[in-house]
file final20.txt (compact mmCIF, C-alpha atoms and all ligand atoms)
# COMPACT_ATOMS: atom_id res chain seq x y z
CA MET A 1 0.00 0.00 0.00
CA SER A 2 1.29 3.44 -0.82
CA GLU A 3 1.52 5.81 2.05
CA TYR A 4 -1.38 8.11 2.68
CA LYS A 5 -1.34 11.33 0.68
CA PRO A 6 -3.88 14.01 1.33
CA ASP A 7 -6.14 14.88 -1.61
CA GLU A 8 -4.64 17.59 -3.76
CA LEU A 9 -6.72 20.34 -5.28
CA ARG A 10 -6.30 21.53 -8.85
CA GLY A 11 -5.76 25.20 -9.09
CA HIS A 12 -9.09 26.41 -10.39
CA THR A 13 -12.42 27.37 -8.92
CA TYR A 14 -15.69 27.82 -10.70
CA ASP A 15 -18.69 29.19 -8.86
CA GLY A 16 -17.00 28.10 -5.69
CA ILE A 17 -16.57 24.52 -6.93
CA GLU A 18 -13.07 23.05 -6.77
CA GLU A 19 -11.63 19.86 -8.29
CA TYR A 20 -9.40 17.19 -6.74
CA ASP A 21 -6.43 16.05 -8.78
CA ASN A 22 -6.81 12.33 -8.05
CA ARG A 23 -5.77 9.34 -10.11
CA LEU A 24 -8.91 7.66 -11.44
CA PRO A 25 -9.76 4.41 -9.63
CA ASN A 26 -8.60 1.17 -11.28
CA TRP A 27 -12.10 -0.21 -11.69
CA TRP A 28 -13.00 2.93 -13.65
CA LEU A 29 -9.92 2.73 -15.86
CA PHE A 30 -10.56 -0.98 -16.39
CA LEU A 31 -14.06 -0.20 -17.68
CA LEU A 32 -12.76 2.55 -19.95
CA TYR A 33 -9.94 0.55 -21.55
CA GLY A 34 -12.09 -2.57 -21.59
CA SER A 35 -14.81 -0.73 -23.53
CA CYS A 36 -12.25 0.55 -26.03
CA ILE A 37 -10.91 -2.95 -26.65
CA PHE A 38 -14.43 -4.36 -26.89
CA ALA A 39 -15.45 -1.66 -29.37
CA LEU A 40 -12.42 -2.36 -31.55
CA GLY A 41 -13.11 -6.10 -31.51
CA TYR A 42 -16.79 -5.54 -32.23
CA TRP A 43 -15.97 -3.29 -35.17
CA LEU A 44 -13.53 -5.78 -36.68
CA VAL A 45 -15.82 -8.79 -36.20
CA PHE A 46 -19.10 -7.23 -37.33
CA HIS A 47 -18.08 -4.54 -39.78
CA THR A 48 -14.57 -5.05 -41.15
CA PHE A 49 -14.37 -8.82 -41.57
CA LYS A 50 -18.12 -9.50 -41.25
CA ILE A 51 -17.39 -12.77 -39.42
CA VAL A 52 -20.73 -12.60 -37.63
CA ASP A 53 -24.01 -11.31 -39.14
CA LEU A 54 -25.48 -8.06 -37.88
CA PRO A 55 -28.96 -8.46 -36.41
CA LEU A 56 -30.75 -7.38 -39.59
CA ALA A 57 -28.89 -9.85 -41.81
CA LYS A 58 -29.51 -12.55 -39.24
CA TYR A 59 -33.20 -11.67 -39.25
CA ASP A 60 -33.35 -11.89 -43.05
CA LYS A 61 -31.70 -15.31 -43.00
CA GLU A 62 -34.10 -16.54 -40.35
CA MET A 63 -37.08 -15.27 -42.34
CA ILE A 64 -35.86 -17.09 -45.46
CA ALA A 65 -35.26 -20.29 -43.47
CA ALA A 66 -38.73 -19.97 -41.92
CA ALA A 67 -40.32 -19.44 -45.35
CA GLU A 68 -38.50 -22.51 -46.68
CA ALA A 69 -39.61 -24.61 -43.73
CA GLN A 70 -43.18 -23.40 -44.15
CA LEU A 71 -43.04 -24.16 -47.85
CA ALA A 72 -41.76 -27.67 -47.15
CA ARG A 73 -44.70 -28.27 -44.79
CA MET A 74 -47.20 -26.78 -47.23
CA SER A 75 -46.01 -28.70 -50.27
CA GLU A 76 -46.26 -32.08 -48.58
CA GLY A 77 -49.78 -32.36 -49.97
CA GLY A 78 -48.79 -30.98 -53.40
CA MET A 79 -48.39 -27.41 -54.64
CA THR A 80 -51.20 -25.01 -53.79
CA ASP A 81 -51.84 -21.37 -54.68
CA GLU A 82 -50.58 -20.46 -51.21
CA SER A 83 -47.30 -22.35 -51.50
CA LEU A 84 -46.67 -20.97 -55.00
CA ILE A 85 -47.35 -17.41 -53.84
CA LEU A 86 -44.96 -17.99 -50.98
CA MET A 87 -42.32 -19.23 -53.43
CA SER A 88 -42.82 -16.10 -55.52
CA THR A 89 -41.68 -14.03 -52.52
CA MET A 90 -38.43 -15.99 -52.04
CA PRO A 91 -35.62 -14.12 -53.83
CA GLU A 92 -33.44 -17.16 -54.62
CA THR A 93 -36.33 -19.20 -55.99
CA VAL A 94 -37.48 -16.31 -58.19
CA ALA A 95 -33.90 -15.74 -59.40
CA ASP A 96 -33.62 -19.44 -60.35
CA GLY A 97 -36.99 -19.20 -62.10
CA LYS A 98 -35.88 -16.15 -64.02
CA GLN A 99 -32.74 -17.97 -65.12
CA LEU A 100 -34.84 -20.88 -66.40
CA PHE A 101 -37.25 -18.47 -68.07
CA THR A 102 -34.33 -16.83 -69.87
CA THR A 103 -33.15 -20.22 -71.10
CA TYR A 104 -36.43 -21.82 -72.16
CA CYS A 105 -39.17 -19.25 -72.50
CA VAL A 106 -37.90 -15.92 -73.83
CA VAL A 107 -38.02 -16.99 -77.49
CA CYS A 108 -41.80 -16.90 -77.31
CA HIS A 109 -42.58 -14.76 -74.25
CA LEU A 110 -39.65 -12.28 -74.50
CA ASP A 111 -37.23 -11.23 -71.77
CA GLN A 112 -39.73 -9.60 -69.44
CA GLY A 113 -42.60 -11.95 -70.25
CA GLN A 114 -44.24 -9.23 -72.34
CA GLY A 115 -45.11 -11.72 -75.10
CA LEU A 116 -44.31 -12.41 -78.76
CA VAL A 117 -45.51 -15.77 -80.07
CA GLY A 118 -46.77 -16.58 -76.58
CA PRO A 119 -49.07 -14.25 -74.65
CA ASN A 120 -48.04 -11.37 -72.40
CA LEU A 121 -47.58 -12.90 -68.93
CA THR A 122 -47.46 -9.53 -67.15
CA ASP A 123 -50.98 -8.35 -67.92
CA ARG A 124 -54.21 -9.20 -66.14
CA TYR A 125 -55.58 -11.41 -68.93
CA TRP A 126 -55.17 -15.16 -69.00
CA LEU A 127 -56.11 -17.79 -71.57
CA HIS A 128 -55.74 -20.67 -69.14
CA GLY A 129 -56.34 -19.00 -65.78
CA GLY A 130 -54.19 -16.65 -63.74
CA ARG A 131 -54.24 -18.42 -60.36
CA PRO A 132 -50.78 -19.69 -59.45
CA SER A 133 -52.02 -23.29 -59.66
CA ASP A 134 -53.45 -22.57 -63.16
CA ILE A 135 -50.10 -21.15 -64.26
CA LEU A 136 -48.28 -24.19 -62.88
CA ARG A 137 -50.65 -26.48 -64.75
CA THR A 138 -50.26 -24.58 -68.04
CA ILE A 139 -46.46 -24.66 -67.81
CA ASN A 140 -46.46 -28.31 -66.79
CA ASP A 141 -48.98 -29.61 -69.32
CA GLY A 142 -48.40 -27.04 -72.09
CA VAL A 143 -50.84 -26.10 -74.82
CA LEU A 144 -49.56 -28.44 -77.49
CA ALA A 145 -52.04 -27.34 -80.18
CA LYS A 146 -50.76 -23.75 -79.92
CA GLY A 147 -47.04 -24.53 -79.78
CA MET A 148 -46.49 -24.25 -76.03
CA ALA A 149 -44.63 -27.39 -74.93
CA ALA A 150 -45.48 -29.49 -71.87
CA TRP A 151 -42.45 -28.41 -69.85
CA GLY A 152 -43.13 -30.77 -66.95
CA GLY A 153 -41.74 -33.75 -68.81
CA GLN A 154 -38.64 -31.92 -69.95
CA LEU A 155 -37.77 -29.90 -66.83
CA GLY A 156 -39.26 -31.85 -63.92
CA PRO A 157 -41.42 -30.60 -61.04
CA THR A 158 -38.84 -28.47 -59.17
CA ARG A 159 -37.96 -26.36 -62.18
CA VAL A 160 -41.61 -26.01 -63.19
CA GLN A 161 -42.36 -24.73 -59.67
CA LYS A 162 -39.52 -22.21 -59.87
CA LEU A 163 -40.73 -21.04 -63.28
CA THR A 164 -44.23 -20.66 -61.86
CA ALA A 165 -42.84 -18.65 -58.92
CA TYR A 166 -41.12 -16.36 -61.40
CA VAL A 167 -44.22 -15.94 -63.57
CA VAL A 168 -46.29 -15.22 -60.43
CA SER A 169 -43.70 -12.59 -59.46
CA ILE A 170 -44.02 -10.75 -62.81
CA LYS A 171 -47.78 -11.21 -63.01
CA ASN A 172 -49.73 -7.90 -63.01
CA THR A 173 -46.59 -5.82 -63.56
CA ASP A 174 -48.12 -4.69 -66.88
CA VAL A 175 -45.05 -4.53 -69.08
CA THR A 176 -45.99 -3.03 -72.44
CA GLY A 177 -45.98 -5.79 -75.01
CA LYS A 178 -48.37 -8.11 -76.75
CA ALA A 179 -52.02 -7.07 -76.51
CA PRO A 180 -54.07 -8.85 -73.84
CA GLU A 181 -55.50 -12.25 -74.71
CA GLY A 182 -58.08 -14.30 -72.86
CA GLU A 183 -60.15 -13.39 -69.84
CA PRO A 184 -59.31 -10.72 -67.27
CA GLU A 185 -58.67 -12.17 -63.87
CA THR A 186 -61.60 -11.26 -61.65
CA ALA A 187 -61.16 -8.86 -58.75
CA ASP A 188 -62.07 -11.75 -56.45
CA ASP A 189 -59.17 -13.85 -57.68
CA GLU A 190 -56.72 -11.01 -57.17
CA ALA A 191 -58.05 -10.16 -53.74
CA ALA A 192 -57.70 -13.82 -52.77
CA ASP A 193 -54.12 -13.89 -54.09
CA GLU A 194 -53.16 -10.77 -52.20
CA ALA A 195 -54.83 -11.82 -48.98
CA THR A 196 -52.97 -15.13 -49.08
CA ALA A 197 -49.67 -13.44 -49.88
CA GLU A 198 -50.08 -11.14 -46.89
CA VAL A 199 -50.89 -13.95 -44.51
CA GLU A 200 -48.06 -16.14 -45.71
CA THR A 201 -45.29 -13.56 -45.70
CA GLY A 202 -46.53 -11.67 -42.67
CA ASN A 203 -46.24 -8.35 -44.52
CA GLY A 204 -49.62 -7.13 -43.33
C1 LIG B 1 -42.55 -22.06 -78.83
C2 LIG B 1 -43.09 -20.91 -78.14
C3 LIG B 1 -43.26 -20.98 -76.62
C4 LIG B 1 -42.32 -21.27 -75.67
C5 LIG B 1 -40.85 -21.61 -75.88
C6 LIG B 1 -42.96 -21.11 -74.40
N1 LIG B 1 -44.26 -20.76 -74.57
FE1 LIG B 1 -45.61 -20.36 -73.11
N2 LIG B 1 -47.05 -20.11 -74.52
C7 LIG B 1 -46.87 -20.14 -75.87
C8 LIG B 1 -48.14 -19.95 -76.52
C9 LIG B 1 -48.37 -19.89 -78.06
C10 LIG B 1 -49.09 -19.80 -75.51
C11 LIG B 1 -50.59 -19.54 -75.69
C12 LIG B 1 -51.34 -20.85 -75.79
C13 LIG B 1 -52.76 -20.62 -76.23
O1 LIG B 1 -52.98 -19.79 -77.11
O2 LIG B 1 -53.64 -21.29 -75.67
C14 LIG B 1 -48.36 -19.90 -74.24
C15 LIG B 1 -48.96 -19.78 -73.00
C16 LIG B 1 -48.27 -19.75 -71.82
C17 LIG B 1 -48.88 -19.53 -70.54
C18 LIG B 1 -50.35 -19.28 -70.28
C19 LIG B 1 -50.72 -17.86 -70.54
C20 LIG B 1 -52.19 -17.60 -70.39
O3 LIG B 1 -52.62 -16.54 -70.85
O4 LIG B 1 -52.92 -18.42 -69.79
C21 LIG B 1 -47.88 -19.54 -69.61
C22 LIG B 1 -48.02 -19.32 -68.12
C23 LIG B 1 -46.66 -19.83 -70.32
N3 LIG B 1 -46.92 -19.94 -71.65
C24 LIG B 1 -45.43 -19.95 -69.70
C25 LIG B 1 -44.30 -20.40 -70.38
C26 LIG B 1 -43.07 -20.74 -69.74
C27 LIG B 1 -42.80 -20.65 -68.26
C28 LIG B 1 -42.22 -21.15 -70.72
C29 LIG B 1 -40.79 -21.65 -70.55
C30 LIG B 1 -40.62 -22.85 -69.79
C31 LIG B 1 -42.91 -21.03 -71.97
N4 LIG B 1 -44.17 -20.59 -71.73
C32 LIG B 1 -42.34 -21.31 -73.19
C33 LIG B 1 -45.68 -20.33 -76.52
C34 LIG B 1 -44.49 -20.67 -75.92

call {"tool": "encode", "arguments": {"input": "final20.txt", "output": "structure tokens"}}
result
Amino acid sequence: MSEYKPDELRGHTYDGIEEYDNRLPNWWLFLLYGSCIFALGYWLVFHTFKIVDLPLAKYDKEMIAAAEAQLARMSEGGMTDESLILMSTMPETVADGKQLFTTYCVVCHLDQGQGLVGPNLTDRYWLHGGRPSDILRTINDGVLAKGMAAWGGQLGPTRVQKLTAYVVSIKNTDVTGKAPEGEPETADDEAADEATAEVETGNG
């Protein structure tokens, strides 16, 4: 123990208040330097090297995992409108679908689905129904008499589902292209689609 030294005053006064010139206690210094080291480590781990996800990125990953798990549960009994709408909100699935669309479909439906030989897939009019399950069925079974192949046999169920998810994602985006063909989707159908999409993704 160091010998007792009386508190020393610093040489200024303000409104009658004076200040001791004491060394700060060790516990206080420990907290200060500790916080500095922690902050540096935190910065390197989360921001510089991104070794650990920040909360928002973690949240996004959890939401995607949850959507995938939900989809797996829903598709046990076959694809439904709900599960296809859910797929159309999953960025990776839609990106895969777009890739497939670019490979197999653009010759007739053009790059944004706006239509050439095949109909415009972005308008509100459908020859074979605009519900996600209708779209899946049309892609899967084709319309052989009109030159649209039955893609199910060639691409298999997973790729047909991804293509459907992509088509559902561009549906009603109204890209200018081929004039509408078929029947307009009724307001009821659209309301049902939207209501389901909201429930499934939780984006109320
Ligand atoms: C050789 C040209 C051709 C190719 C390639 C093609 N389609 Fe089509 N598609 C058509 C035609 C033509 C129709 C309209 C059929 C009719 O008139 O009944 C159609 C219709 C559709 C429909 C229904 C539209 C509606 O209004 O109901 C969907 C969905 C569709 N195609 C998706 C696809 C997808 C996805 C691919 C790629 C895997 C694809 N098509 C590739 C020619 C094509």

call {"tool": "residues_near_ligand", "arguments": {"input": "final20.txt", "ligand": "ligand LIG 1 (chain B)", "cutoff": "6 Å", "atoms": "all atoms listed in the file", "output": "MDAnalysis selection string"}}
result
chainID A and resid 101 104:105 107:108 117:119 126:129 135 138:139 143 146:148 151 163

call {"tool": "atom_distance", "arguments": {"input": "final20.txt", "atom1": "CA of Lys98 (chain A)", "atom2": "CA of Arg159 (chain A)"}}
result
10.6 Å

call {"tool": "atom_distance", "arguments": {"input": "final20.txt", "atom1": "CA of Leu121 (chain A)", "atom2": "CA of Leu86 (chain A)"}}
result
18.8 Å

call {"tool": "residues_near_point", "arguments": {"input": "final20.txt", "point": "(-39.0, -25.3, -59.9)", "cutoff": "12 Å", "atoms": "all atoms listed in the file", "output": "ChimeraX atom specification"}}
result
/A:79,84,87-88,92-101,136,139-140,151-152,155-167

call {"tool": "write_last_selection", "arguments": {"input": "final20.txt", "atoms": "C-alpha atoms", "output": "compact mmCIF listing (two decimals), in the frame of the given file"}}
result
# COMPACT_ATOMS: atom_id res chain seq x y z
CA MET A 79 -48.39 -27.41 -54.64
CA LEU A 84 -46.67 -20.97 -55.00
CA MET A 87 -42.32 -19.23 -53.43
CA SER A 88 -42.82 -16.10 -55.52
CA GLU A 92 -33.44 -17.16 -54.62
CA THR A 93 -36.33 -19.20 -55.99
CA VAL A 94 -37.48 -16.31 -58.19
CA ALA A 95 -33.90 -15.74 -59.40
CA ASP A 96 -33.62 -19.44 -60.35
CA GLY A 97 -36.99 -19.20 -62.10
CA LYS A 98 -35.88 -16.15 -64.02
CA GLN A 99 -32.74 -17.97 -65.12
CA LEU A 100 -34.84 -20.88 -66.40
CA PHE A 101 -37.25 -18.47 -68.07
CA LEU A 136 -48.28 -24.19 -62.88
CA ILE A 139 -46.46 -24.66 -67.81
CA ASN A 140 -46.46 -28.31 -66.79
CA TRP A 151 -42.45 -28.41 -69.85
CA GLY A 152 -43.13 -30.77 -66.95
CA LEU A 155 -37.77 -29.90 -66.83
CA GLY A 156 -39.26 -31.85 -63.92
CA PRO A 157 -41.42 -30.60 -61.04
CA THR A 158 -38.84 -28.47 -59.17
CA ARG A 159 -37.96 -26.36 -62.18
CA VAL A 160 -41.61 -26.01 -63.19
CA GLN A 161 -42.36 -24.73 -59.67
CA LYS A 162 -39.52 -22.21 -59.87
CA LEU A 163 -40.73 -21.04 -63.28
CA THR A 164 -44.23 -20.66 -61.86
CA ALA A 165 -42.84 -18.65 -58.92
CA TYR A 166 -41.12 -16.36 -61.40
CA VAL A 167 -44.22 -15.94 -63.57

call {"tool": "atom_distance", "arguments": {"input": "final20.txt", "atom1": "CA of Ala179 (chain A)", "atom2": "CA of Asn120 (chain A)"}}
result
7.2 Å

call {"tool": "axis_aligned_box", "arguments": {"input": "final20.txt", "around": "region 39-57 of chain A", "padding_each_side": "6 Å", "output": "JSON"}}
result
{"center_x": -21.6, "center_y": -7.2, "center_z": -35.6, "size_x": 30.3, "size_y": 23.1, "size_z": 24.4}

call {"tool": "closest_residue", "arguments": {"input": "final20.txt", "among": "A:Ser35, A:Gln114, A:Thr89, A:Asn172", "to": "Met63 (chain A)", "atoms": "all atoms listed in the file"}}
result
A:Thr89

call {"tool": "closest_residue", "arguments": {"input": "final20.txt", "among": "A:Asn22, A:Ser75, A:Gln112, A:Pro55", "to": "Arg10 (chain A)", "atoms": "only C-alpha atoms"}}
result
A:Asn22

call {"tool": "build_atoms", "arguments": {"input": "final20.txt", "residues": "region 28-47 of chain A", "atoms": "N, CA, C and O atoms", "output": "compact mmCIF listing (two decimals), in the frame of the given file"}}
result
# COMPACT_ATOMS: atom_id res chain seq x y z
N TRP A 28 -12.50 2.01 -12.64
CA TRP A 28 -13.00 2.93 -13.65
C TRP A 28 -12.15 2.84 -14.92
O TRP A 28 -12.66 2.75 -16.05
N LEU A 29 -10.81 2.83 -14.70
CA LEU A 29 -9.92 2.73 -15.86
C LEU A 29 -10.12 1.40 -16.59
O LEU A 29 -10.11 1.33 -17.81
N PHE A 30 -10.34 0.34 -15.81
CA PHE A 30 -10.56 -0.98 -16.39
C PHE A 30 -11.78 -0.95 -17.32
O PHE A 30 -11.76 -1.45 -18.44
N LEU A 31 -12.86 -0.30 -16.84
CA LEU A 31 -14.06 -0.20 -17.68
C LEU A 31 -13.78 0.60 -18.95
O LEU A 31 -14.20 0.23 -20.05
N LEU A 32 -13.04 1.70 -18.78
CA LEU A 32 -12.76 2.55 -19.95
C LEU A 32 -11.95 1.78 -21.00
O LEU A 32 -12.37 1.67 -22.16
N TYR A 33 -10.78 1.22 -20.57
CA TYR A 33 -9.94 0.55 -21.55
C TYR A 33 -10.63 -0.71 -22.07
O TYR A 33 -10.54 -1.05 -23.26
N GLY A 34 -11.34 -1.37 -21.18
CA GLY A 34 -12.09 -2.57 -21.59
C GLY A 34 -13.09 -2.23 -22.69
O GLY A 34 -13.20 -2.93 -23.70
N SER A 35 -13.83 -1.12 -22.51
CA SER A 35 -14.81 -0.73 -23.53
C SER A 35 -14.14 -0.44 -24.86
O SER A 35 -14.65 -0.78 -25.93
N CYS A 36 -12.97 0.22 -24.78
CA CYS A 36 -12.25 0.55 -26.03
C CYS A 36 -11.87 -0.73 -26.77
O CYS A 36 -12.07 -0.85 -27.98
N ILE A 37 -11.33 -1.70 -26.01
CA ILE A 37 -10.91 -2.95 -26.65
C ILE A 37 -12.13 -3.68 -27.21
O ILE A 37 -12.12 -4.19 -28.33
N PHE A 38 -13.21 -3.70 -26.43
CA PHE A 38 -14.43 -4.36 -26.89
C PHE A 38 -14.94 -3.73 -28.19
O PHE A 38 -15.28 -4.41 -29.15
N ALA A 39 -14.93 -2.38 -28.20
CA ALA A 39 -15.45 -1.66 -29.37
C ALA A 39 -14.62 -2.00 -30.60
O ALA A 39 -15.16 -2.24 -31.69
N LEU A 40 -13.30 -2.05 -30.42
CA LEU A 40 -12.42 -2.36 -31.55
C LEU A 40 -12.72 -3.76 -32.07
O LEU A 40 -12.89 -3.99 -33.28
N GLY A 41 -12.81 -4.71 -31.13
CA GLY A 41 -13.11 -6.10 -31.51
C GLY A 41 -14.45 -6.19 -32.22
O GLY A 41 -14.57 -6.83 -33.28
N TYR A 42 -15.45 -5.53 -31.66
CA TYR A 42 -16.79 -5.54 -32.23
C TYR A 42 -16.75 -5.03 -33.66
O TYR A 42 -17.31 -5.61 -34.58
N TRP A 43 -16.05 -3.91 -33.85
CA TRP A 43 -15.97 -3.29 -35.17
C TRP A 43 -15.33 -4.25 -36.18
O TRP A 43 -15.84 -4.43 -37.29
N LEU A 44 -14.23 -4.87 -35.76
CA LEU A 44 -13.53 -5.78 -36.68
C LEU A 44 -14.42 -6.98 -37.01
O LEU A 44 -14.56 -7.35 -38.18
N VAL A 45 -15.04 -7.57 -35.98
CA VAL A 45 -15.82 -8.79 -36.20
C VAL A 45 -17.08 -8.51 -37.02
O VAL A 45 -17.38 -9.22 -37.99
N PHE A 46 -17.81 -7.45 -36.68
CA PHE A 46 -19.10 -7.23 -37.33
C PHE A 46 -19.01 -6.42 -38.61
O PHE A 46 -19.80 -6.61 -39.52
N HIS A 47 -18.06 -5.46 -38.65
CA HIS A 47 -18.08 -4.54 -39.78
C HIS A 47 -16.94 -4.74 -40.76
O HIS A 47 -17.14 -4.67 -41.96
